[in-house]
Amino acid sequence: MTVSSTAVEAARQDAVTHDERQHDAVGPNPPPHPHQILHRCRTLVRPALAEAVGRLHPWVGEMAAYSFGWCEVGGAPAVAPGGKGVRQTLAVLGAEAAGASGRDGVAAAVAVELVHAFSLLHDDIMDGDTDRRRRPAVWKAYGTGPAVLAGDALFALAVETLAEQPGGAAAVRTLSVALGDLVRGQADDLLFADRPWTGPERVRPDEYRAMAEHKTGSLLGCAAALGAVLGGAAPETAAALDLAGRHLGIAFQIVDDVLGIWGDPRVTGKPVHGDLRERKKTLPVLVALGSPQGGRLAALLETGDDPGAAAELIERAGGRAAAMADARRHVAAVETALAGVPLEATARGELRSLLGFLVRRHV
């Protein structure tokens, strides 16, 4: 067994034993708390995700396993912080909302998790971010070229995973639309960095929302819709889930913006006022720039010398409150989208529980 396959096998086994421990701890019928929903879906998906990664070239597979927190550089098994599994959970719940088994959504969950990992590998390179989940980013650990290659491999594997499924052609089309939007959103995000803080060329809040829908919401919507598609849902059900996911993505991104300025570093793993130090054009900043204090704030942001003062000014100008109010409006739009189609009752309840957690989360 190769080093990378050892890490992949360890990931499979950890999913099984972790699930057994969780069952013993909470009993067979726990309430649908968001952490339990996320855990249940991750446990269902991870063996299939590990099997898919195990089909990659060993070196590329090691980089993929490292990105998921399954191994160290060199392939030694590890248990490192991973993502929450939000997208894979939405795929499983999308299948269940259509009245199918969660297992019918596993291939969709694997595909969107692979695409999400691919996007993070490339985003870290484009943004120059050296750390991801409290470890060196893949490009810092292995090199830029290898990280690009690993991202490309994950993308190809995601398409292959869907194409192999019954109804795979429709699923691949759904994924392709989301990928086009994701690229569009990332392009806009990169271009925002070069635009001025004030004046007619400044970034407007509406432009930001469109970017967030494309960059973050497209894949969240795709995840839920793909699960529904593979679960045999009607087109209007898949479309409603896609719309709900897009609104959720905007709300999710806005909350990230708030945490990026005011989040507790002990919880977020990011430095206090980190987004201001990097001079990111996030929604609280853009709202505050449109206030009477906008000129003073722009001067502070331009120098980057006093992020604490900038954070205080943004809050006084109403940027933080306005951003959270905007997030709540998009959560209401999620509810409206879900109310428009017949969904299995338990899955609908779990979707609502999950979206509330994501918007109120502290990490």
# chains A, B, ... in the order shown; residues from 1 in each chain; ligands from 1
>>> residues_around(residues="range 124-127 of chain A", least_positions_apart="4", cutoff="9 Å", atoms="only C-alpha atoms", output="ChimeraX atom specification")
/A:119-120,131-132,137-140,144,147-148,190
>>> residues_around(residues="Glu350 in chain A", least_positions_apart="5", cutoff="12 Å", atoms="only C-alpha atoms", output="ChimeraX atom specification")
/A:31-38,40-41,89-90,92-94,96-97,338,343-345,355-357
>>> write_last_selection(atoms="C-alpha atoms", output="mmCIF file, in the first residue's frame")
data_model
loop_
_atom_site.group_PDB
_atom_site.id
_atom_site.type_symbol
_atom_site.label_atom_id
_atom_site.label_comp_id
_atom_site.auth_asym_id
_atom_site.auth_seq_id
_atom_site.Cartn_x
_atom_site.Cartn_y
_atom_site.Cartn_z
ATOM 1 C CA PRO A 31 -32.310 15.809 17.465
ATOM 2 C CA PRO A 32 -31.274 17.383 14.146
ATOM 3 C CA HIS A 33 -28.729 19.807 15.616
ATOM 4 C CA PRO A 34 -26.643 21.378 12.806
ATOM 5 C CA HIS A 35 -23.413 19.757 14.038
ATOM 6 C CA GLN A 36 -25.112 16.362 13.964
ATOM 7 C CA ILE A 37 -26.508 17.004 10.481
ATOM 8 C CA LEU A 38 -23.054 17.937 9.201
ATOM 9 C CA ARG A 40 -24.058 12.482 9.580
ATOM 10 C CA CYS A 41 -23.590 13.650 6.011
ATOM 11 C CA THR A 89 -24.207 18.071 3.346
ATOM 12 C CA LEU A 90 -26.367 20.167 1.015
ATOM 13 C CA VAL A 92 -27.153 14.726 0.668
ATOM 14 C CA LEU A 93 -30.042 16.837 1.961
ATOM 15 C CA GLY A 94 -30.974 17.750 -1.623
ATOM 16 C CA GLU A 96 -33.401 13.499 0.772
ATOM 17 C CA ALA A 97 -35.553 16.579 0.117
ATOM 18 C CA LEU A 338 -37.823 26.372 -0.212
ATOM 19 C CA LEU A 343 -39.924 18.836 -0.158
ATOM 20 C CA GLU A 344 -39.699 15.869 2.204
ATOM 21 C CA ALA A 345 -40.508 17.252 5.646
ATOM 22 C CA LEU A 355 -28.890 27.517 7.177
ATOM 23 C CA GLY A 356 -29.607 29.129 10.554
ATOM 24 C CA PHE A 357 -26.376 27.720 11.921
#
>>> closest_atom_pairs(of="range 242-299 of chain A", to="range 198-208 of chain A", cutoff="9 Å", atoms="only C-alpha atoms", output="JSON lines")
{"residue": "A:Lys281", "atom": "CA", "partner": "A:Val203", "partner_atom": "CA", "distance": 7.7}
{"residue": "A:Thr282", "atom": "CA", "partner": "A:Tyr208", "partner_atom": "CA", "distance": 7.6}
{"residue": "A:Leu283", "atom": "CA", "partner": "A:Pro205", "partner_atom": "CA", "distance": 6.4}
{"residue": "A:Leu286", "atom": "CA", "partner": "A:Pro205", "partner_atom": "CA", "distance": 6.1}
{"residue": "A:Val287", "atom": "CA", "partner": "A:Pro205", "partner_atom": "CA", "distance": 6.7}
{"residue": "A:Leu289", "atom": "CA", "partner": "A:Thr198", "partner_atom": "CA", "distance": 7.3}
{"residue": "A:Gly290", "atom": "CA", "partner": "A:Thr198", "partner_atom": "CA", "distance": 8.5}
{"residue": "A:Gly294", "atom": "CA", "partner": "A:Thr198", "partner_atom": "CA", "distance": 7.9}
{"residue": "A:Gly295", "atom": "CA", "partner": "A:Thr198", "partner_atom": "CA", "distance": 7.6}
{"residue": "A:Ala298", "atom": "CA", "partner": "A:Thr198", "partner_atom": "CA", "distance": 7.0}
>>> atom_distance(atom1="CA of Glu213 in chain A", atom2="CA of Ala193 in chain A")
17.8 Å
>>> residues_around(residues="Gly249 in chain A", least_positions_apart="4", cutoff="8 Å", atoms="only C-alpha atoms", output="mmCIF file with N, CA, C and O atoms, in the first residue's frame")
data_model
loop_
_atom_site.group_PDB
_atom_site.id
_atom_site.type_symbol
_atom_site.label_atom_id
_atom_site.label_comp_id
_atom_site.auth_asym_id
_atom_site.auth_seq_id
_atom_site.Cartn_x
_atom_site.Cartn_y
_atom_site.Cartn_z
ATOM 1 N N ALA A 212 -20.538 37.630 -4.844
ATOM 2 C CA ALA A 212 -20.715 36.615 -3.807
ATOM 3 C C ALA A 212 -21.627 35.493 -4.276
ATOM 4 O O ALA A 212 -21.390 34.312 -3.979
ATOM 5 N N GLU A 213 -22.686 35.849 -5.016
ATOM 6 C CA GLU A 213 -23.567 34.797 -5.544
ATOM 7 C C GLU A 213 -22.796 33.869 -6.470
ATOM 8 O O GLU A 213 -22.918 32.648 -6.393
ATOM 9 N N THR A 216 -19.483 32.157 -4.295
ATOM 10 C CA THR A 216 -19.831 31.291 -3.169
ATOM 11 C C THR A 216 -21.169 30.598 -3.373
ATOM 12 O O THR A 216 -21.304 29.392 -3.167
ATOM 13 N N GLY A 217 -22.176 31.357 -3.793
ATOM 14 C CA GLY A 217 -23.521 30.803 -3.894
ATOM 15 C C GLY A 217 -23.694 29.781 -4.997
ATOM 16 O O GLY A 217 -24.499 28.852 -4.854
ATOM 17 N N SER A 218 -22.948 29.937 -6.095
ATOM 18 C CA SER A 218 -23.164 29.020 -7.224
ATOM 19 C C SER A 218 -22.897 27.572 -6.835
ATOM 20 O O SER A 218 -23.655 26.666 -7.206
ATOM 21 N N LEU A 220 -22.854 26.298 -3.690
ATOM 22 C CA LEU A 220 -23.810 25.859 -2.682
ATOM 23 C C LEU A 220 -25.141 25.475 -3.334
ATOM 24 O O LEU A 220 -25.742 24.445 -3.012
ATOM 25 N N GLY A 221 -25.598 26.310 -4.271
ATOM 26 C CA GLY A 221 -26.825 25.985 -4.980
ATOM 27 C C GLY A 221 -26.675 24.737 -5.823
ATOM 28 O O GLY A 221 -27.577 23.885 -5.864
ATOM 29 N N GLY A 245 -29.713 27.852 -2.495
ATOM 30 C CA GLY A 245 -28.283 27.782 -2.225
ATOM 31 C C GLY A 245 -27.548 29.047 -2.611
ATOM 32 O O GLY A 245 -26.596 29.462 -1.939
ATOM 33 N N GLN A 253 -21.262 34.374 2.705
ATOM 34 C CA GLN A 253 -20.110 35.222 2.421
ATOM 35 C C GLN A 253 -20.132 36.490 3.258
ATOM 36 O O GLN A 253 -19.089 36.954 3.744
#
>>> residues_around(residues="Ala238 in chain A", least_positions_apart="6", cutoff="12 Å", atoms="only C-alpha atoms", output="list in words")
Ala91, Leu93, Gly94, Ala95, Ala97, Ala98, Ala170, Ala171, Thr174, Gly221, Cys222, Ala223, Ala224, Ala225, Leu226, Gly227, Ala228, Val229, Leu230, Gly231, Gly232, Ala244, Gly245, Ala337, Leu338, Gly340, Val341, Pro342 and Leu343 of chain A
>>> closest_residue(among="A:Ala169, A:Val110, A:Ala163, A:Ala323", to="Arg209 in chain A", atoms="only C-alpha atoms")
A:Ala323
>>> atom_distance(atom1="CA of His247 in chain A", atom2="CA of Val86 in chain A")
14.5 Å
>>> residues_around(residues="Arg42 in chain A", least_positions_apart="3", cutoff="12 Å", atoms="only C-alpha atoms", output="PyMOL selection string")
chain A and resi 11-12+14-16+18-19+35-39+45-50+82-93+102-103+105-106+109-110+113
>>> write_last_selection(atoms="N, CA and C atoms", output="short mmCIF file (atom, residue, chain, number, x, y, z; two decimals), in the first residue's frame")
data_model
loop_
_atom_site.label_atom_id
_atom_site.label_comp_id
_atom_site.auth_asym_id
_atom_site.auth_seq_id
_atom_site.Cartn_x
_atom_site.Cartn_y
_atom_site.Cartn_z
N ALA A 11 -8.54 7.59 6.38
CA ALA A 11 -9.71 8.47 6.34
C ALA A 11 -10.99 7.65 6.32
N ARG A 12 -10.98 6.55 5.55
CA ARG A 12 -12.16 5.68 5.51
C ARG A 12 -12.45 5.10 6.89
N ASP A 14 -11.46 6.13 9.82
CA ASP A 14 -11.83 7.14 10.81
C ASP A 14 -13.30 7.50 10.68
N ALA A 15 -13.81 7.54 9.44
CA ALA A 15 -15.23 7.84 9.24
C ALA A 15 -16.10 6.80 9.93
N VAL A 16 -15.71 5.53 9.83
CA VAL A 16 -16.50 4.46 10.42
C VAL A 16 -16.45 4.51 11.94
N HIS A 18 -15.50 6.98 13.92
CA HIS A 18 -16.06 8.22 14.44
C HIS A 18 -17.57 8.12 14.48
N ASP A 19 -18.16 7.54 13.45
CA ASP A 19 -19.60 7.37 13.41
C ASP A 19 -20.07 6.48 14.56
N HIS A 35 -24.66 20.52 13.98
CA HIS A 35 -23.41 19.76 14.04
C HIS A 35 -23.66 18.28 13.75
N GLN A 36 -24.78 17.76 14.22
CA GLN A 36 -25.11 16.36 13.96
C GLN A 36 -25.48 16.14 12.50
N ILE A 37 -26.17 17.10 11.90
CA ILE A 37 -26.51 17.00 10.48
C ILE A 37 -25.23 16.97 9.64
N LEU A 38 -24.32 17.89 9.93
CA LEU A 38 -23.05 17.94 9.20
C LEU A 38 -22.27 16.64 9.39
N HIS A 39 -22.22 16.17 10.63
CA HIS A 39 -21.47 14.94 10.90
C HIS A 39 -22.08 13.74 10.18
N VAL A 45 -20.56 10.41 3.31
CA VAL A 45 -19.86 10.74 2.06
C VAL A 45 -18.39 10.33 2.09
N ARG A 46 -17.73 10.39 3.25
CA ARG A 46 -16.27 10.30 3.26
C ARG A 46 -15.70 9.01 2.68
N PRO A 47 -16.29 7.85 2.90
CA PRO A 47 -15.71 6.66 2.24
C PRO A 47 -15.68 6.78 0.72
N ALA A 48 -16.74 7.33 0.14
CA ALA A 48 -16.76 7.50 -1.31
C ALA A 48 -15.78 8.58 -1.76
N LEU A 49 -15.63 9.63 -0.97
CA LEU A 49 -14.66 10.68 -1.29
C LEU A 49 -13.25 10.12 -1.21
N ALA A 50 -12.96 9.33 -0.17
CA ALA A 50 -11.64 8.72 -0.03
C ALA A 50 -11.37 7.75 -1.18
N GLY A 82 -10.26 19.99 9.03
CA GLY A 82 -10.85 19.99 7.69
C GLY A 82 -12.01 20.96 7.65
N GLY A 83 -12.67 21.02 6.51
CA GLY A 83 -13.84 21.88 6.40
C GLY A 83 -15.05 21.27 7.10
N LYS A 84 -16.09 22.06 7.22
CA LYS A 84 -17.32 21.58 7.86
C LYS A 84 -18.07 20.58 7.00
N GLY A 85 -17.83 20.61 5.68
CA GLY A 85 -18.57 19.73 4.79
C GLY A 85 -19.93 20.29 4.43
N VAL A 86 -20.05 21.61 4.36
CA VAL A 86 -21.34 22.23 4.10
C VAL A 86 -21.88 21.81 2.74
N ARG A 87 -21.03 21.83 1.71
CA ARG A 87 -21.51 21.55 0.36
C ARG A 87 -21.92 20.08 0.21
N GLN A 88 -21.13 19.18 0.78
CA GLN A 88 -21.53 17.78 0.68
C GLN A 88 -22.80 17.51 1.46
N THR A 89 -22.98 18.22 2.57
CA THR A 89 -24.21 18.07 3.35
C THR A 89 -25.41 18.56 2.54
N LEU A 90 -25.27 19.67 1.85
CA LEU A 90 -26.37 20.17 1.02
C LEU A 90 -26.72 19.18 -0.08
N ALA A 91 -25.73 18.49 -0.64
CA ALA A 91 -26.00 17.50 -1.68
C ALA A 91 -26.81 16.33 -1.13
N VAL A 92 -26.42 15.84 0.04
CA VAL A 92 -27.15 14.73 0.67
C VAL A 92 -28.57 15.16 1.01
N LEU A 93 -28.71 16.35 1.60
CA LEU A 93 -30.04 16.84 1.96
C LEU A 93 -30.88 17.13 0.72
N GLY A 102 -30.39 9.47 1.18
CA GLY A 102 -29.19 10.29 1.18
C GLY A 102 -28.07 9.68 0.37
N ARG A 103 -28.05 8.35 0.30
CA ARG A 103 -27.00 7.68 -0.49
C ARG A 103 -27.09 8.03 -1.97
N GLY A 105 -27.48 10.87 -3.08
CA GLY A 105 -26.79 12.15 -3.26
C GLY A 105 -25.30 12.08 -3.01
N VAL A 106 -24.76 10.90 -2.71
CA VAL A 106 -23.34 10.80 -2.35
C VAL A 106 -22.44 11.19 -3.52
N ALA A 109 -22.35 14.77 -3.72
CA ALA A 109 -21.56 15.31 -2.61
C ALA A 109 -20.07 15.20 -2.87
N VAL A 110 -19.64 14.05 -3.39
CA VAL A 110 -18.23 13.86 -3.71
C VAL A 110 -17.80 14.87 -4.77
N GLU A 113 -17.56 18.42 -3.37
CA GLU A 113 -16.44 18.55 -2.43
C GLU A 113 -15.12 18.60 -3.19
#
>>> closest_residue(among="A:His122, A:His116, A:Arg134, A:Arg328", to="Pro265 in chain A", atoms="only C-alpha atoms")
A:Arg134
>>> decode(residues="range 315-331 of chain A", atoms="C-alpha atoms", output="tab-separated table (two decimals), in the first residue's frame")
chain	number	residue	atom	x	y	z
A	315	GLU	CA	-19.02	49.91	12.89
A	316	ARG	CA	-19.93	53.51	13.75
A	317	ALA	CA	-20.89	54.10	10.12
A	318	GLY	CA	-23.30	51.16	10.28
A	319	GLY	CA	-21.34	48.80	8.06
A	320	ARG	CA	-21.49	45.85	10.42
A	321	ALA	CA	-25.21	46.19	11.20
A	322	ALA	CA	-26.13	46.74	7.56
A	323	ALA	CA	-24.16	43.70	6.47
A	324	MET	CA	-25.87	41.42	8.98
A	325	ALA	CA	-29.27	42.82	8.02
A	326	ASP	CA	-28.44	42.01	4.40
A	327	ALA	CA	-27.48	38.47	5.40
A	328	ARG	CA	-30.83	38.05	7.14
A	329	ARG	CA	-32.66	39.23	4.01
A	330	HIS	CA	-30.95	36.53	1.97
A	331	VAL	CA	-31.83	33.93	4.60
